[in-house]
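See below for final37.txt, which holds compact mmCIF, C-alpha atoms.
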# COMPACT_ATOMS: atom_id res chain seq x y z
CA MET R 1 9.78 -14.77 -0.34
CA VAL R 2 9.72 -12.09 -3.03
CA ILE R 3 9.77 -8.60 -1.53
CA ARG R 4 7.56 -6.27 -3.56
CA THR R 5 9.32 -2.91 -3.47
CA ALA R 6 8.49 0.66 -4.45
CA ILE R 7 11.01 3.49 -4.73
CA ILE R 8 9.90 7.09 -4.22
CA ILE R 9 12.34 9.84 -5.16
CA THR R 10 11.61 13.22 -3.58
CA SER R 11 13.05 15.99 -5.72
CA ASP R 12 11.54 19.23 -6.96
CA ARG R 13 13.92 19.40 -9.95
CA GLY R 14 13.49 15.72 -10.70
CA ALA R 15 9.69 16.01 -10.62
CA ARG R 16 9.88 18.96 -13.04
CA GLY R 17 12.17 17.02 -15.38
CA GLU R 18 15.09 19.41 -14.81
CA ARG R 19 17.36 16.74 -13.31
CA ALA R 20 17.71 13.07 -14.14
CA ASP R 21 17.16 10.78 -11.18
CA ARG R 22 20.28 8.78 -10.37
CA SER R 23 19.29 7.44 -6.95
CA GLY R 24 16.33 5.36 -8.12
CA PRO R 25 18.38 3.36 -10.64
CA ALA R 26 21.19 2.93 -8.08
CA ILE R 27 18.76 1.57 -5.49
CA ARG R 28 17.07 -0.70 -8.05
CA GLN R 29 20.43 -2.10 -9.18
CA MET R 30 21.51 -2.76 -5.61
CA LEU R 31 18.28 -4.68 -4.90
CA GLN R 32 18.64 -6.71 -8.10
CA GLU R 33 22.18 -7.71 -7.10
CA GLN R 34 21.05 -9.36 -3.85
CA GLN R 35 21.86 -13.07 -3.93
CA ASP R 36 20.06 -14.13 -0.76
CA GLN R 37 16.74 -12.35 -1.36
CA THR R 38 14.56 -11.47 -4.34
CA TYR R 39 13.33 -7.89 -4.58
CA GLU R 40 10.76 -7.06 -7.23
CA VAL R 41 10.64 -3.32 -7.91
CA VAL R 42 7.00 -2.72 -8.83
CA GLY R 43 7.10 1.06 -8.88
CA LEU R 44 9.48 3.99 -9.12
CA GLU R 45 7.97 7.43 -8.75
CA VAL R 46 9.55 10.88 -8.65
CA VAL R 47 7.56 13.41 -6.62
CA PRO R 48 8.22 17.03 -5.60
CA ASP R 49 9.42 17.90 -2.10
CA GLU R 50 5.87 18.42 -0.86
CA LYS R 51 4.36 16.58 2.09
CA GLU R 52 1.08 15.83 0.32
CA ALA R 53 2.78 14.40 -2.77
CA ILE R 54 5.10 12.22 -0.68
CA GLN R 55 2.23 11.01 1.50
CA LYS R 56 0.08 10.23 -1.53
CA ALA R 57 2.86 8.12 -3.05
CA ILE R 58 3.51 6.25 0.21
CA LYS R 59 -0.21 5.54 0.64
CA GLN R 60 -0.57 4.47 -2.99
CA PHE R 61 2.13 1.83 -2.61
CA SER R 62 1.28 0.67 0.93
CA ASP R 63 -2.51 0.61 0.64
CA ALA R 64 -2.75 -0.96 -2.85
CA LYS R 65 -5.32 -3.72 -3.21
CA PRO R 66 -5.22 -6.67 -3.19
CA VAL R 67 -1.61 -6.48 -1.96
CA GLY R 68 0.48 -3.42 -1.17
CA CYS R 69 4.24 -3.24 -1.36
CA ASP R 70 6.28 -5.00 1.29
CA LEU R 71 9.00 -2.36 1.19
CA ILE R 72 8.84 1.33 0.32
CA LEU R 73 12.13 3.18 -0.04
CA THR R 74 12.14 6.96 -0.24
CA SER R 75 15.24 8.81 -1.37
CA GLY R 76 15.83 12.48 -0.67
CA GLY R 77 14.39 15.22 1.47
CA THR R 78 15.89 14.12 4.80
CA GLY R 79 18.23 17.03 5.46
CA LEU R 80 17.74 20.52 6.86
CA SER R 81 16.86 22.47 3.72
CA PRO R 82 13.52 24.27 3.97
CA ARG R 83 12.00 21.94 1.32
CA ASP R 84 13.26 18.73 3.01
CA VAL R 85 9.97 17.35 4.34
CA THR R 86 10.22 13.60 3.73
CA PRO R 87 10.52 12.72 7.45
CA GLU R 88 7.48 14.84 8.35
CA ALA R 89 5.47 13.33 5.50
CA THR R 90 6.48 9.82 6.56
CA ILE R 91 5.76 10.32 10.26
CA GLU R 92 2.24 11.52 9.48
CA VAL R 93 1.32 8.36 7.51
CA VAL R 94 3.05 5.55 9.38
CA ASP R 95 1.30 3.40 11.99
CA ARG R 96 4.51 2.70 13.95
CA LEU R 97 8.06 4.01 13.93
CA VAL R 98 10.97 1.56 13.64
CA PRO R 99 13.88 3.73 14.82
CA GLY R 100 16.58 1.05 14.68
CA PHE R 101 16.76 1.22 10.88
CA ALA R 102 17.37 5.00 10.87
CA GLU R 103 19.82 4.73 13.76
CA ALA R 104 21.86 2.09 11.92
CA MET R 105 21.89 4.16 8.74
CA ARG R 106 23.05 7.28 10.57
CA MET R 107 25.73 5.30 12.41
CA VAL R 108 27.27 3.89 9.22
CA SER R 109 26.99 7.25 7.45
CA LEU R 110 28.61 9.12 10.32
CA ALA R 111 31.66 6.88 10.02
CA LYS R 112 32.06 8.22 6.46
CA THR R 113 31.01 11.89 6.74
CA PRO R 114 30.32 14.31 9.61
CA GLN R 115 27.34 15.70 7.64
CA ALA R 116 25.44 12.47 8.36
CA ILE R 117 24.59 13.85 11.77
CA ILE R 118 22.01 16.19 10.19
CA SER R 119 20.05 13.33 8.64
CA ARG R 120 16.46 13.35 9.86
CA ALA R 121 15.53 10.08 8.14
CA VAL R 122 12.77 8.06 9.79
CA CYS R 123 11.57 4.52 9.25
CA GLY R 124 8.24 2.98 10.07
CA THR R 125 5.38 0.76 9.00
CA ARG R 126 2.03 1.37 7.37
CA CYS R 127 -0.38 -1.52 6.83
CA GLN R 128 2.04 -4.34 6.00
CA SER R 129 4.68 -2.11 4.40
CA LEU R 130 8.09 -1.25 5.81
CA ILE R 131 9.01 2.35 4.89
CA LEU R 132 12.62 3.55 4.96
CA ASN R 133 13.85 7.09 4.26
CA LEU R 134 17.20 6.99 2.44
CA PRO R 135 19.50 9.91 1.54
CA GLY R 136 19.03 11.59 -1.83
CA SER R 137 22.51 10.96 -3.22
CA PRO R 138 23.09 7.65 -4.99
CA LYS R 139 26.20 7.00 -2.87
CA GLY R 140 24.42 7.80 0.41
CA ALA R 141 21.36 5.76 -0.55
CA ARG R 142 23.51 2.72 -1.39
CA GLU R 143 25.57 2.99 1.81
CA CYS R 144 22.49 3.27 4.00
CA LEU R 145 20.57 0.54 2.21
CA GLU R 146 23.56 -1.79 2.47
CA VAL R 147 23.59 -1.63 6.27
CA VAL R 148 19.88 -2.42 6.67
CA LEU R 149 19.38 -4.97 3.88
CA PRO R 150 20.14 -7.99 6.09
CA ALA R 151 17.32 -7.04 8.50
CA ILE R 152 14.64 -6.24 5.92
CA PRO R 153 13.35 -9.78 5.17
CA HIS R 154 12.98 -10.57 8.89
CA ALA R 155 11.25 -7.26 9.58
CA ILE R 156 8.78 -7.85 6.75
CA ALA R 157 8.10 -11.41 7.87
CA LYS R 158 7.31 -10.14 11.38
CA LEU R 159 5.15 -7.35 9.98
CA LYS R 160 3.13 -9.97 8.10
CA GLY R 161 2.59 -11.99 11.27
CA ASP R 162 5.41 -14.54 11.32
CA PRO R 163 5.03 -16.15 14.78
CA SER R 164 8.55 -17.61 14.99
CA ASP R 165 11.03 -16.40 17.59
CA CYS R 166 13.35 -13.61 16.56
CA GLY R 167 16.45 -15.53 17.67
CA LEU R 168 18.77 -12.87 18.98
CA GLY R 169 21.75 -15.19 18.80
CA GLY R 170 23.51 -17.21 21.39
CA SER R 171 22.52 -20.73 22.36
Let's see the structure in the file written out as C-alpha cells.
Amino acid sequence: MVIRTAIIITSDRGARGERADRSGPAIRQMLQEQQDQTYEVVGLEVVPDEKEAIQKAIKQFSDAKPVGCDLILTSGGTGLSPRDVTPEATIEVVDRLVPGFAEAMRMVSLAKTPQAIISRAVCGTRCQSLILNLPGSPKGARECLEVVLPAIPHAIAKLKGDPSDCGLGGS
C-alpha cells in the first residue's frame, strides 16, 4: 500500500517567507527512507499560525476528491506560545481523536528533554485521513515520527475498513 501523505508546516515567519522551512524537508526525507512502506508526499504547505489557515489546509488534504490523503502530518504550533494553535485547529476538524500516537510521541520526547512535557500535540482522524501533530523543530519532528511510524500503516488500514484482527501479540 502506498500511503499518500501531506505535510503542513505551521509557522508565521515561514508563511511570510522570512524563515526557510527545515522541518518539511526533514519529514519528507525520513518518509522516503522507509524500507518497509512507501510514502508518497503529495503536498507540502506552509501556513501561518492561525486556526482557520491550519483547518483549511487539513480539510483540503483530507477531503480531496476522488481520494484524500491517507496521512497528514503537521509540524509546529504545539507548544504554549500565544500563537501555538495547531492542537485547537486540529481538534475542531477531526472526527475522532487517537490519543495513543500523541502519548507515544510525548513519552519518547520526554526521555530526551524535560520541555517535551509542554507539548499539546493531538492526533486524530478526519474522513479516511490520519492526522498527527509533530513538533516544529526538525529534530523533534523526526524523533516523534520515528516512534509512531511502525503503527501508521495498520492505523490507516483500519481507518479504511480493514476487517482483519489487530493481533495484539501472543499466541
- prompt: With distances taken over all atoms listed in the file, which of R:Ser81, R:Thr90, R:Ser75, R:Ser119 is nearest to Ser23 in chain R?
  reply: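 Checking each candidate against Ser23 in chain R, we get R:Ser75 as the closest.
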field: Nearest to Thr74 in chain R, chosen from R:Thr10, R:Gln55, R:Ser62, R:Ser164, with all atoms listed in the file counted in the distances
entry: R:Thr10
task: Tell me, as an MDAnalysis selection string, which residues lie within 7 Å of range 97-110 of chain R, counting all atoms listed in the file; anything in the same chain fewer than 5 positions away does not count.
output: chainID R and resid 116:117 121:125 144 147:148
task: Considering all atoms listed in the file, state which residue in the set R:Ile54, R:Ile8, R:Gln115, R:Val94 is at the smallest distance from Gln128 in chain R.
output: R:Val94
message: Counting all atoms listed in the file, which residues have an atom no more than 8 Å from (15.7, 12.2, 8.0) in the file's coordinates? Please list them as a list in words.
response: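 Residues found, by chain and rising number: Gly77, Thr78, Gly79, Thr86, Pro87, Ala102, Ile118, Ser119, Arg120, Ala121, Val122, Asn133, Leu134 and Pro135 of chain R.
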Atomic distance CA of Ala6 in chain R - CA of Pro138 in chain R, expressed in Å with one decimal: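 Separation of CA of Ala6 in chain R and CA of Pro138 in chain R: 16.2 Å.
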message: Using Å and a single decimal, report how far CA of Val93 in chain R sits from CA of Lys139 in chain R.
response: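 So the answer is 27.0 Å.
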field: Which residue of R:Val67, R:Ala53, R:Leu132, R:Val41 approaches Ser11 in chain R most closely, using all atoms listed in the file
entry: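 Using all atoms listed in the file, Ser11 in chain R sits closest to R:Ala53.
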Selected residue, from R:Glu40, R:Asp84, R:Glu146, R:Asp95, that lies nearest to Val2 in chain R when counting all atoms listed in the file: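 Closest residue, counting all atoms listed in the file: R:Glu40.
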task: Go through R:Met1, R:Ala151, R:Ala26, R:Ala157 and flag the residue nearest Gly136 in chain R, using all atoms listed in the file for the distances.
output: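 Closest candidate: R:Ala26.
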Since the input lacks some atoms of range 55-86 of chain R, please model N, CA and C atoms and print them as a short mmCIF file (atom, residue, chain, number, x, y, z; two decimals), in the frame of the given file.
data_model
loop_
_atom_site.label_atom_id
_atom_site.label_comp_id
_atom_site.auth_asym_id
_atom_site.auth_seq_id
_atom_site.Cartn_x
_atom_site.Cartn_y
_atom_site.Cartn_z
N GLN R 55 3.22 11.83 0.79
CA GLN R 55 2.23 11.01 1.50
C GLN R 55 1.34 10.24 0.52
N LYS R 56 0.92 10.90 -0.54
CA LYS R 56 0.08 10.23 -1.53
C LYS R 56 0.81 9.04 -2.15
N ALA R 57 2.09 9.21 -2.46
CA ALA R 57 2.86 8.12 -3.05
C ALA R 57 3.04 6.97 -2.06
N ILE R 58 3.36 7.29 -0.81
CA ILE R 58 3.51 6.25 0.21
C ILE R 58 2.20 5.48 0.36
N LYS R 59 1.10 6.19 0.48
CA LYS R 59 -0.21 5.54 0.64
C LYS R 59 -0.55 4.69 -0.57
N GLN R 60 -0.27 5.20 -1.75
CA GLN R 60 -0.57 4.47 -2.99
C GLN R 60 0.11 3.11 -2.98
N PHE R 61 1.38 3.08 -2.58
CA PHE R 61 2.13 1.83 -2.61
C PHE R 61 1.84 0.93 -1.40
N SER R 62 1.54 1.50 -0.25
CA SER R 62 1.28 0.67 0.93
C SER R 62 -0.15 0.15 0.98
N ASP R 63 -1.09 0.95 0.51
CA ASP R 63 -2.51 0.61 0.64
C ASP R 63 -3.08 -0.09 -0.59
N ALA R 64 -2.27 -0.36 -1.60
CA ALA R 64 -2.75 -0.96 -2.85
C ALA R 64 -3.49 -2.26 -2.58
N LYS R 65 -4.53 -2.49 -3.32
CA LYS R 65 -5.32 -3.72 -3.21
C LYS R 65 -5.09 -4.57 -4.46
N PRO R 66 -5.01 -5.87 -4.38
CA PRO R 66 -5.22 -6.67 -3.19
C PRO R 66 -4.00 -6.71 -2.27
N VAL R 67 -2.81 -6.39 -2.78
CA VAL R 67 -1.61 -6.48 -1.96
C VAL R 67 -0.75 -5.24 -2.18
N GLY R 68 -0.41 -4.56 -1.08
CA GLY R 68 0.48 -3.42 -1.17
C GLY R 68 1.92 -3.87 -1.21
N CYS R 69 2.81 -2.92 -1.33
CA CYS R 69 4.24 -3.24 -1.36
C CYS R 69 4.70 -3.68 0.03
N ASP R 70 5.67 -4.57 0.03
CA ASP R 70 6.28 -5.00 1.29
C ASP R 70 7.26 -3.96 1.80
N LEU R 71 7.93 -3.30 0.87
CA LEU R 71 9.00 -2.36 1.19
C LEU R 71 8.83 -1.10 0.35
N ILE R 72 8.89 0.05 1.01
CA ILE R 72 8.84 1.33 0.32
C ILE R 72 10.08 2.11 0.72
N LEU R 73 10.90 2.44 -0.27
CA LEU R 73 12.13 3.18 -0.04
C LEU R 73 11.96 4.58 -0.60
N THR R 74 12.12 5.59 0.26
CA THR R 74 12.14 6.96 -0.24
C THR R 74 13.60 7.37 -0.33
N SER R 75 13.89 8.30 -1.22
CA SER R 75 15.24 8.81 -1.37
C SER R 75 15.17 10.31 -1.54
N GLY R 76 15.79 11.03 -0.59
CA GLY R 76 15.83 12.48 -0.67
C GLY R 76 14.94 13.14 0.36
N GLY R 77 15.23 14.42 0.60
CA GLY R 77 14.39 15.22 1.47
C GLY R 77 14.56 14.98 2.95
N THR R 78 15.71 14.44 3.38
CA THR R 78 15.89 14.12 4.80
C THR R 78 16.83 15.07 5.53
N GLY R 79 17.28 16.10 4.85
CA GLY R 79 18.23 17.03 5.46
C GLY R 79 17.54 18.21 6.12
N LEU R 80 18.24 19.34 6.16
CA LEU R 80 17.74 20.52 6.86
C LEU R 80 17.29 21.65 5.94
N SER R 81 17.33 21.43 4.64
CA SER R 81 16.86 22.47 3.72
C SER R 81 15.38 22.74 3.96
N PRO R 82 14.93 23.95 3.73
CA PRO R 82 13.52 24.27 3.97
C PRO R 82 12.53 23.34 3.25
N ARG R 83 12.91 22.81 2.08
CA ARG R 83 12.00 21.94 1.32
C ARG R 83 12.15 20.47 1.69
N ASP R 84 13.06 20.12 2.59
CA ASP R 84 13.26 18.73 3.01
C ASP R 84 12.17 18.34 4.00
N VAL R 85 11.13 17.68 3.50
CA VAL R 85 9.97 17.35 4.34
C VAL R 85 9.62 15.86 4.33
N THR R 86 10.51 15.04 3.78
CA THR R 86 10.22 13.60 3.73
C THR R 86 9.99 13.00 5.11
#
